[in-house]
file coords_11.txt (compact mmCIF, N, CA and C atoms)
# COMPACT_ATOMS: atom_id res chain seq x y z
N MET A 1 45.76 81.63 70.50
CA MET A 1 44.38 81.38 70.80
C MET A 1 44.09 79.90 70.53
N SER A 2 43.40 79.25 71.44
CA SER A 2 43.06 77.85 71.24
C SER A 2 41.60 77.73 70.80
N VAL A 3 41.31 76.65 70.11
CA VAL A 3 39.96 76.37 69.65
C VAL A 3 39.34 75.36 70.61
N LYS A 4 38.14 75.66 71.07
CA LYS A 4 37.45 74.77 71.98
C LYS A 4 36.14 74.34 71.33
N GLU A 5 35.94 73.04 71.20
CA GLU A 5 34.69 72.53 70.67
C GLU A 5 33.70 72.46 71.82
N ILE A 6 32.57 73.15 71.69
CA ILE A 6 31.61 73.16 72.80
C ILE A 6 30.48 72.16 72.61
N ALA A 7 30.34 71.62 71.41
CA ALA A 7 29.32 70.60 71.18
C ALA A 7 29.57 69.93 69.85
N SER A 8 29.17 68.68 69.77
CA SER A 8 29.20 67.97 68.50
C SER A 8 28.22 66.82 68.58
N THR A 9 27.84 66.33 67.43
CA THR A 9 26.98 65.16 67.37
C THR A 9 27.24 64.42 66.08
N SER A 10 27.08 63.13 66.12
CA SER A 10 27.17 62.32 64.90
C SER A 10 25.80 61.74 64.58
N THR A 11 24.79 62.17 65.31
CA THR A 11 23.43 61.70 65.08
C THR A 11 22.84 62.44 63.88
N PRO A 12 22.48 61.72 62.83
CA PRO A 12 21.91 62.40 61.67
C PRO A 12 20.47 62.84 61.93
N VAL A 13 20.07 63.90 61.25
CA VAL A 13 18.70 64.39 61.32
C VAL A 13 18.22 64.60 59.89
N LEU A 14 17.03 64.11 59.60
CA LEU A 14 16.42 64.30 58.30
C LEU A 14 15.26 65.27 58.46
N VAL A 15 15.32 66.37 57.72
CA VAL A 15 14.24 67.35 57.74
C VAL A 15 13.70 67.45 56.33
N GLU A 16 12.41 67.18 56.17
CA GLU A 16 11.79 67.21 54.85
C GLU A 16 10.56 68.10 54.87
N ALA A 17 10.38 68.88 53.82
CA ALA A 17 9.18 69.70 53.66
C ALA A 17 8.41 69.17 52.45
N MET A 18 7.11 69.12 52.59
CA MET A 18 6.26 68.64 51.50
C MET A 18 5.54 69.79 50.79
N SER A 19 5.81 71.02 51.24
CA SER A 19 5.22 72.21 50.63
C SER A 19 6.23 73.35 50.77
N ASP A 20 5.78 74.57 50.48
CA ASP A 20 6.69 75.70 50.62
C ASP A 20 6.71 76.25 52.05
N ALA A 21 6.01 75.61 52.99
CA ALA A 21 6.04 76.02 54.39
C ALA A 21 7.37 75.59 55.01
N VAL A 22 7.95 76.48 55.84
CA VAL A 22 9.23 76.19 56.49
C VAL A 22 9.04 75.08 57.53
N VAL A 23 9.92 74.11 57.49
CA VAL A 23 9.94 73.02 58.47
C VAL A 23 11.28 73.11 59.17
N SER A 24 11.28 73.03 60.51
CA SER A 24 12.55 73.10 61.23
C SER A 24 12.63 71.95 62.22
N GLN A 25 13.85 71.62 62.57
CA GLN A 25 14.12 70.52 63.49
C GLN A 25 15.35 70.89 64.31
N ILE A 26 15.29 70.72 65.62
CA ILE A 26 16.47 70.92 66.44
C ILE A 26 17.39 69.74 66.21
N TRP A 27 18.63 70.03 65.84
CA TRP A 27 19.60 68.98 65.55
C TRP A 27 20.31 68.56 66.82
N PHE A 28 20.82 69.51 67.59
CA PHE A 28 21.45 69.20 68.87
C PHE A 28 21.52 70.48 69.69
N LYS A 29 21.73 70.31 70.98
CA LYS A 29 21.91 71.44 71.89
C LYS A 29 23.22 71.26 72.63
N THR A 30 23.83 72.36 73.01
CA THR A 30 25.04 72.31 73.82
C THR A 30 24.63 72.15 75.29
N ASP A 31 25.59 71.80 76.11
CA ASP A 31 25.38 71.89 77.55
C ASP A 31 25.32 73.37 77.90
N PRO A 32 24.76 73.70 79.06
CA PRO A 32 24.79 75.13 79.46
C PRO A 32 26.22 75.66 79.45
N ILE A 33 26.36 76.89 79.04
CA ILE A 33 27.70 77.49 79.01
C ILE A 33 28.00 78.11 80.36
N ASP A 34 29.27 78.21 80.65
CA ASP A 34 29.67 78.76 81.95
C ASP A 34 30.16 80.20 81.80
N ARG A 35 30.35 80.86 82.92
CA ARG A 35 30.77 82.26 82.94
C ARG A 35 32.09 82.49 82.20
N PRO A 36 33.14 81.68 82.43
CA PRO A 36 34.39 81.93 81.69
C PRO A 36 34.20 81.88 80.17
N PHE A 37 33.37 80.95 79.69
CA PHE A 37 33.15 80.89 78.25
C PHE A 37 32.47 82.17 77.76
N CYS A 38 31.47 82.63 78.47
CA CYS A 38 30.75 83.85 78.05
C CYS A 38 31.70 85.04 77.89
N TYR A 39 32.64 85.16 78.82
CA TYR A 39 33.52 86.33 78.80
C TYR A 39 34.76 86.15 77.94
N ARG A 40 35.16 84.92 77.66
CA ARG A 40 36.40 84.70 76.91
C ARG A 40 36.19 84.35 75.44
N ALA A 41 35.00 83.91 75.07
CA ALA A 41 34.76 83.51 73.69
C ALA A 41 34.99 84.69 72.75
N ALA A 42 35.81 84.49 71.75
CA ALA A 42 36.10 85.54 70.79
C ALA A 42 35.39 85.29 69.46
N GLN A 43 35.17 84.02 69.14
CA GLN A 43 34.52 83.66 67.89
C GLN A 43 33.71 82.39 68.10
N LEU A 44 32.67 82.24 67.27
CA LEU A 44 31.84 81.05 67.29
C LEU A 44 31.50 80.71 65.85
N GLN A 45 31.69 79.43 65.48
CA GLN A 45 31.42 79.02 64.10
C GLN A 45 30.83 77.62 64.10
N LEU A 46 29.78 77.42 63.30
CA LEU A 46 29.15 76.13 63.14
C LEU A 46 29.73 75.43 61.92
N GLN A 47 30.07 74.15 62.08
CA GLN A 47 30.57 73.33 60.98
C GLN A 47 29.61 72.17 60.82
N THR A 48 29.18 71.91 59.58
CA THR A 48 28.24 70.81 59.33
C THR A 48 28.74 69.94 58.19
N ASP A 49 28.38 68.69 58.25
CA ASP A 49 28.51 67.76 57.13
C ASP A 49 27.08 67.44 56.74
N SER A 50 26.66 67.93 55.57
CA SER A 50 25.24 67.84 55.23
C SER A 50 25.03 67.73 53.73
N SER A 51 23.81 67.39 53.39
CA SER A 51 23.40 67.38 51.99
C SER A 51 22.01 68.01 51.91
N ASP A 52 21.69 68.52 50.73
CA ASP A 52 20.36 69.08 50.55
C ASP A 52 19.52 68.11 49.72
N GLN A 53 18.45 68.59 49.14
CA GLN A 53 17.53 67.73 48.41
C GLN A 53 18.07 67.27 47.07
N GLY A 54 19.25 67.74 46.70
CA GLY A 54 19.76 67.46 45.36
C GLY A 54 19.21 68.50 44.39
N HIS A 55 19.75 68.54 43.22
CA HIS A 55 19.32 69.54 42.25
C HIS A 55 17.90 69.24 41.78
N ASP A 56 17.08 70.29 41.72
CA ASP A 56 15.69 70.16 41.27
C ASP A 56 15.40 71.36 40.39
N THR A 57 15.14 71.13 39.12
CA THR A 57 14.91 72.24 38.20
C THR A 57 13.57 72.92 38.44
N GLY A 58 12.68 72.30 39.24
CA GLY A 58 11.38 72.89 39.51
C GLY A 58 11.38 73.90 40.64
N LEU A 59 12.48 74.02 41.37
CA LEU A 59 12.54 74.95 42.49
C LEU A 59 12.94 76.33 42.04
N GLN A 60 12.44 77.34 42.75
CA GLN A 60 12.88 78.70 42.51
C GLN A 60 14.33 78.83 42.98
N PRO A 61 15.13 79.72 42.38
CA PRO A 61 16.51 79.90 42.83
C PRO A 61 16.54 80.33 44.30
N GLY A 62 17.57 79.90 45.00
CA GLY A 62 17.74 80.29 46.40
C GLY A 62 18.21 79.11 47.23
N SER A 63 18.45 79.37 48.48
CA SER A 63 18.88 78.33 49.41
C SER A 63 17.64 77.76 50.07
N TRP A 64 17.44 76.46 49.93
CA TRP A 64 16.24 75.82 50.45
C TRP A 64 16.49 75.05 51.73
N SER A 65 17.70 75.01 52.18
CA SER A 65 18.00 74.41 53.48
C SER A 65 19.16 75.18 54.09
N TRP A 66 19.06 75.39 55.40
CA TRP A 66 20.05 76.21 56.08
C TRP A 66 20.15 75.81 57.53
N PHE A 67 21.16 76.36 58.20
CA PHE A 67 21.42 76.09 59.61
C PHE A 67 21.40 77.39 60.38
N GLU A 68 20.83 77.32 61.58
CA GLU A 68 20.75 78.49 62.45
C GLU A 68 21.33 78.16 63.81
N LEU A 69 21.85 79.18 64.48
CA LEU A 69 22.25 79.09 65.88
C LEU A 69 21.15 79.77 66.69
N VAL A 70 20.73 79.12 67.76
CA VAL A 70 19.61 79.62 68.57
C VAL A 70 20.01 79.59 70.04
N ILE A 71 19.65 80.62 70.77
CA ILE A 71 19.83 80.62 72.22
C ILE A 71 18.48 80.30 72.85
N PHE A 72 18.47 79.24 73.67
CA PHE A 72 17.25 78.84 74.39
C PHE A 72 17.35 79.28 75.84
N GLU A 73 16.19 79.44 76.45
CA GLU A 73 16.14 79.82 77.86
C GLU A 73 16.70 78.71 78.76
N ASP A 74 16.40 77.46 78.40
CA ASP A 74 16.90 76.33 79.18
C ASP A 74 16.91 75.09 78.28
N ALA A 75 17.37 73.99 78.82
CA ALA A 75 17.53 72.76 78.04
C ALA A 75 16.22 72.10 77.66
N HIS A 76 15.12 72.50 78.27
CA HIS A 76 13.85 71.81 78.07
C HIS A 76 12.92 72.48 77.07
N THR A 77 13.29 73.62 76.58
CA THR A 77 12.40 74.34 75.66
C THR A 77 12.88 74.18 74.22
N ASP A 78 11.96 74.37 73.29
CA ASP A 78 12.33 74.38 71.87
C ASP A 78 11.99 75.73 71.23
N LYS A 79 11.66 76.69 72.06
CA LYS A 79 11.37 78.04 71.57
C LYS A 79 12.58 78.94 71.83
N PRO A 80 12.95 79.76 70.84
CA PRO A 80 14.09 80.67 71.04
C PRO A 80 13.82 81.65 72.18
N ARG A 81 14.88 82.00 72.88
CA ARG A 81 14.79 83.03 73.91
C ARG A 81 14.53 84.37 73.22
N VAL A 82 13.79 85.23 73.87
CA VAL A 82 13.50 86.56 73.33
C VAL A 82 14.15 87.59 74.25
N LYS A 83 14.89 88.50 73.65
CA LYS A 83 15.54 89.57 74.41
C LYS A 83 15.29 90.88 73.69
N ASP A 84 14.78 91.86 74.40
CA ASP A 84 14.44 93.16 73.81
C ASP A 84 13.52 93.02 72.61
N GLY A 85 12.58 92.07 72.68
CA GLY A 85 11.60 91.87 71.62
C GLY A 85 12.11 91.10 70.41
N LYS A 86 13.34 90.60 70.44
CA LYS A 86 13.93 89.89 69.30
C LYS A 86 14.24 88.45 69.68
N GLU A 87 13.81 87.50 68.82
CA GLU A 87 14.19 86.11 69.04
C GLU A 87 15.70 85.97 68.82
N LEU A 88 16.36 85.24 69.70
CA LEU A 88 17.81 85.07 69.61
C LEU A 88 18.13 83.91 68.67
N VAL A 89 18.06 84.21 67.38
CA VAL A 89 18.27 83.25 66.29
C VAL A 89 19.15 83.91 65.25
N TRP A 90 20.19 83.20 64.80
CA TRP A 90 21.10 83.71 63.77
C TRP A 90 21.29 82.66 62.70
N ARG A 91 21.20 83.06 61.45
CA ARG A 91 21.46 82.15 60.34
C ARG A 91 22.96 81.96 60.22
N SER A 92 23.40 80.72 60.26
CA SER A 92 24.82 80.41 60.15
C SER A 92 25.23 80.25 58.69
N HIS A 93 24.55 79.35 57.99
CA HIS A 93 24.90 79.10 56.60
C HIS A 93 23.83 78.23 55.94
N GLY A 94 23.87 78.20 54.63
CA GLY A 94 22.96 77.36 53.87
C GLY A 94 23.69 76.17 53.28
N ASN A 95 22.93 75.23 52.78
CA ASN A 95 23.51 74.15 51.99
C ASN A 95 23.69 74.67 50.58
N ARG A 96 24.87 74.49 50.06
CA ARG A 96 25.14 74.94 48.69
C ARG A 96 24.51 73.95 47.72
N THR A 97 23.81 74.45 46.73
CA THR A 97 23.24 73.56 45.72
C THR A 97 24.06 73.65 44.45
N ASP A 98 24.10 72.57 43.74
CA ASP A 98 24.90 72.47 42.52
C ASP A 98 24.15 71.56 41.56
N PRO A 99 24.13 71.86 40.27
CA PRO A 99 23.40 71.00 39.32
C PRO A 99 23.87 69.54 39.34
N LEU A 100 25.10 69.28 39.78
CA LEU A 100 25.60 67.91 39.80
C LEU A 100 25.34 67.21 41.14
N ASP A 101 24.77 67.93 42.09
CA ASP A 101 24.47 67.33 43.40
C ASP A 101 23.42 66.24 43.27
N VAL A 102 23.58 65.26 44.10
CA VAL A 102 22.53 64.26 44.29
C VAL A 102 22.20 64.26 45.78
N LYS A 103 21.06 63.69 46.12
CA LYS A 103 20.61 63.76 47.51
C LYS A 103 21.62 63.16 48.48
N ALA A 104 22.37 62.17 48.06
CA ALA A 104 23.29 61.48 48.97
C ALA A 104 24.67 62.13 49.06
N SER A 105 24.94 63.22 48.32
CA SER A 105 26.28 63.79 48.36
C SER A 105 26.44 64.69 49.58
N ILE A 106 27.29 64.25 50.51
CA ILE A 106 27.56 64.97 51.75
C ILE A 106 28.70 65.96 51.51
N THR A 107 28.53 67.17 52.00
CA THR A 107 29.54 68.21 51.85
C THR A 107 29.78 68.86 53.20
N ARG A 108 31.03 69.19 53.50
CA ARG A 108 31.36 69.92 54.73
C ARG A 108 31.14 71.41 54.47
N HIS A 109 30.41 72.03 55.38
CA HIS A 109 30.10 73.46 55.29
C HIS A 109 30.59 74.15 56.56
N PHE A 110 31.14 75.34 56.40
CA PHE A 110 31.55 76.17 57.53
C PHE A 110 30.68 77.41 57.54
N GLY A 111 30.06 77.68 58.68
CA GLY A 111 29.17 78.82 58.79
C GLY A 111 29.92 80.12 58.99
N ILE A 112 29.16 81.17 59.14
CA ILE A 112 29.69 82.50 59.42
C ILE A 112 30.52 82.43 60.70
N VAL A 113 31.61 83.15 60.72
CA VAL A 113 32.38 83.29 61.95
C VAL A 113 31.76 84.45 62.73
N PHE A 114 31.05 84.10 63.80
CA PHE A 114 30.46 85.13 64.65
C PHE A 114 31.53 85.59 65.64
N ASP A 115 31.79 86.88 65.64
CA ASP A 115 32.75 87.43 66.59
C ASP A 115 32.10 88.60 67.32
N ARG A 116 32.86 89.40 68.00
CA ARG A 116 32.30 90.47 68.82
C ARG A 116 31.67 91.60 68.01
N ARG A 117 31.83 91.58 66.67
CA ARG A 117 31.17 92.59 65.85
C ARG A 117 29.69 92.28 65.65
N GLN A 118 29.30 91.01 65.81
CA GLN A 118 27.89 90.64 65.75
C GLN A 118 27.33 90.55 67.17
N ASP A 119 26.04 90.48 67.28
CA ASP A 119 25.43 90.49 68.61
C ASP A 119 25.25 89.10 69.22
N LEU A 120 25.60 88.03 68.52
CA LEU A 120 25.40 86.69 69.08
C LEU A 120 26.20 86.48 70.36
N LEU A 121 27.49 86.78 70.35
CA LEU A 121 28.31 86.56 71.54
C LEU A 121 27.87 87.48 72.69
N ASP A 122 27.40 88.68 72.37
CA ASP A 122 26.92 89.57 73.42
C ASP A 122 25.61 89.07 74.04
N ALA A 123 24.86 88.25 73.29
CA ALA A 123 23.59 87.74 73.80
C ALA A 123 23.79 86.55 74.73
N LEU A 124 24.98 85.96 74.71
CA LEU A 124 25.25 84.84 75.61
C LEU A 124 25.34 85.36 77.03
N GLU A 125 24.72 84.66 77.94
CA GLU A 125 24.83 85.02 79.34
C GLU A 125 24.56 83.79 80.18
N VAL A 126 25.14 83.78 81.32
CA VAL A 126 24.94 82.68 82.25
C VAL A 126 23.71 83.02 83.08
N ILE A 127 22.76 82.12 83.09
CA ILE A 127 21.57 82.32 83.89
C ILE A 127 21.75 81.53 85.17
N LEU A 128 21.91 82.24 86.25
CA LEU A 128 22.15 81.59 87.54
C LEU A 128 20.81 81.29 88.21
N ARG A 129 20.65 80.07 88.62
CA ARG A 129 19.45 79.68 89.34
C ARG A 129 19.89 79.03 90.63
N PHE A 130 19.27 79.45 91.70
CA PHE A 130 19.59 78.89 93.00
C PHE A 130 18.40 78.08 93.48
N LEU A 131 18.66 76.89 93.89
CA LEU A 131 17.62 76.03 94.42
C LEU A 131 17.90 75.81 95.89
N LEU A 132 17.02 76.30 96.71
CA LEU A 132 17.18 76.15 98.15
C LEU A 132 16.16 75.13 98.64
N THR A 133 16.65 74.06 99.23
CA THR A 133 15.73 73.06 99.77
C THR A 133 16.16 72.71 101.19
N ASP A 134 15.20 72.55 102.02
CA ASP A 134 15.44 72.11 103.39
C ASP A 134 16.55 72.90 104.07
N LEU A 135 16.46 74.20 104.00
CA LEU A 135 17.45 75.05 104.63
C LEU A 135 17.02 75.30 106.07
N LEU A 136 17.87 74.99 106.96
CA LEU A 136 17.57 75.17 108.39
C LEU A 136 18.66 76.03 108.99
N LEU A 137 18.27 77.17 109.50
CA LEU A 137 19.24 78.07 110.14
C LEU A 137 19.16 77.84 111.63
N ILE A 138 20.30 77.64 112.25
CA ILE A 138 20.34 77.41 113.71
C ILE A 138 21.11 78.54 114.36
call {"tool": "encode", "arguments": {"input": "coords_11.txt", "output": "structure tokens"}}
result
Amino acid sequence: MSVKEIASTSTPVLVEAMSDAVVSQIWFKTDPIDRPFCYRAAQLQLQTDSSDQGHDTGLQPGSWSWFELVIFEDAHTDKPRVKDGKELVWRSHGNRTDPLDVKASITRHFGIVFDRRQDLLDALEVILRFLLTDLLLI
């Protein structure tokens, strides 16, 4: 089995919250996927190089920053696609916090390996759109 990278970016994104309200930011999007990828993909995993806010003794225990995989209807929207009443969003992984962490410490994280046992790969589908312009039948 070969590994195929379907997207990557080296553009950093800074997401900051000033309260306990969730703040989110789209980091990057893939190009549209094709039919062979939809049918042949066996696993999908997100890998990140990231840092969190650093250790803060005033925070409640838990993961305060995380990464999600989202399926969008098209390249121009920022709202998750909805299928059967469910937003197509999956949590991949969180940033690990450690008492010795500082804000600038970058760590490589590997997310959940999504395979055919989860519904993410089943939710992938190719949306075919046909654009007919100036069609003249003779």
call {"tool": "atom_distance", "arguments": {"input": "coords_11.txt", "atom1": "atom N of Asp20 (chain A)", "atom2": "atom C of Lys86 (chain A)"}}
result
25.2 Å
call {"tool": "closest_residue", "arguments": {"input": "coords_11.txt", "among": "A:Ala42, A:Val22, A:Pro12, A:Phe28", "to": "Leu121 (chain A)", "atoms": "only N, CA and C atoms"}}
result
A:Ala42
call {"tool": "residues_near_point", "arguments": {"input": "coords_11.txt", "point": "(21.9, 79.3, 73.6)", "cutoff": "8 Å", "atoms": "all atoms listed in the file", "output": "list in words"}}
result
Thr30, Pro32, Ile33, Leu69, Val70, Ile71, Phe72, Glu73, Asp74, Arg81, Leu88, Ala123, Leu124 and Glu125 of chain A
call {"tool": "atom_distance", "arguments": {"input": "coords_11.txt", "atom1": "CA of Phe110 (chain A)", "atom2": "CA of Gln45 (chain A)"}}
result
7.2 Å
call {"tool": "closest_residue", "arguments": {"input": "coords_11.txt", "among": "A:Ala21, A:Ser50, A:Lys29, A:Gly94", "to": "Ser8 (chain A)", "atoms": "all atoms listed in the file"}}
result
A:Lys29
call {"tool": "atom_distance", "arguments": {"input": "coords_11.txt", "atom1": "atom N of Phe67 (chain A)", "atom2": "CA of Glu5 (chain A)"}}
result
18.8 Å
call {"tool": "closest_residue", "arguments": {"input": "coords_11.txt", "among": "A:Thr48, A:Ser2, A:Gln25, A:Ser92", "to": "Ile106 (chain A)", "atoms": "only N, CA and C atoms"}}
result
A:Thr48
call {"tool": "residues_near_point", "arguments": {"input": "coords_11.txt", "point": "(13.2, 70.5, 59.6)", "cutoff": "6 Å", "atoms": "only N, CA and C atoms", "output": "PDB file with N, CA and C atoms, in the coordinates of the input"}}
result
ATOM      1  N   LEU A  14      17.030  64.110  59.600  1.00  0.00           N
ATOM      2  CA  LEU A  14      16.420  64.300  58.300  1.00  0.00           C
ATOM      3  C   LEU A  14      15.260  65.270  58.460  1.00  0.00           C
ATOM      4  N   VAL A  15      15.320  66.370  57.720  1.00  0.00           N
ATOM      5  CA  VAL A  15      14.240  67.350  57.740  1.00  0.00           C
ATOM      6  C   VAL A  15      13.700  67.450  56.330  1.00  0.00           C
ATOM      7  N   GLU A  16      12.410  67.180  56.170  1.00  0.00           N
ATOM      8  CA  GLU A  16      11.790  67.210  54.850  1.00  0.00           C
ATOM      9  C   GLU A  16      10.560  68.100  54.870  1.00  0.00           C
ATOM     10  N   VAL A  23       9.920  74.110  57.490  1.00  0.00           N
ATOM     11  CA  VAL A  23       9.940  73.020  58.470  1.00  0.00           C
ATOM     12  C   VAL A  23      11.280  73.110  59.170  1.00  0.00           C
ATOM     13  N   SER A  24      11.280  73.030  60.510  1.00  0.00           N
ATOM     14  CA  SER A  24      12.550  73.100  61.230  1.00  0.00           C
ATOM     15  C   SER A  24      12.630  71.950  62.220  1.00  0.00           C
ATOM     16  N   GLN A  25      13.850  71.620  62.570  1.00  0.00           N
ATOM     17  CA  GLN A  25      14.120  70.520  63.490  1.00  0.00           C
ATOM     18  C   GLN A  25      15.350  70.890  64.310  1.00  0.00           C
TER      19      GLN A  25
END
call {"tool": "closest_residue", "arguments": {"input": "coords_11.txt", "among": "A:Val89, A:Ile26, A:Met18, A:Ile6", "to": "Ala75 (chain A)", "atoms": "only C-alpha atoms"}}
result
A:Ile26
call {"tool": "closest_residue", "arguments": {"input": "coords_11.txt", "among": "A:Gln118, A:Ala41, A:Trp27, A:Ser105", "to": "Thr9 (chain A)", "atoms": "all atoms listed in the file"}}
result
A:Trp27
call {"tool": "residues_around", "arguments": {"input": "coords_11.txt", "residues": "Gln43 (chain A)", "least_positions_apart": "5", "cutoff": "9 Å", "atoms": "only C-alpha atoms", "output": "ChimeraX atom specification"}}
result
/A:113-116,121
call {"tool": "write_last_selection", "arguments": {"input": "coords_11.txt", "atoms": "N, CA and C atoms", "output": "CSV table (one decimal), in the frame of the given file"}}
result
chain,number,residue,atom,x,y,z
A,113,VAL,N,31.6,83.2,60.7
A,113,VAL,CA,32.4,83.3,62.0
A,113,VAL,C,31.8,84.4,62.7
A,114,PHE,N,31.0,84.1,63.8
A,114,PHE,CA,30.5,85.1,64.6
A,114,PHE,C,31.5,85.6,65.6
A,115,ASP,N,31.8,86.9,65.6
A,115,ASP,CA,32.8,87.4,66.6
A,115,ASP,C,32.1,88.6,67.3
A,116,ARG,N,32.9,89.4,68.0
A,116,ARG,CA,32.3,90.5,68.8
A,116,ARG,C,31.7,91.6,68.0
A,121,LEU,N,27.5,86.8,70.4
A,121,LEU,CA,28.3,86.6,71.5
A,121,LEU,C,27.9,87.5,72.7
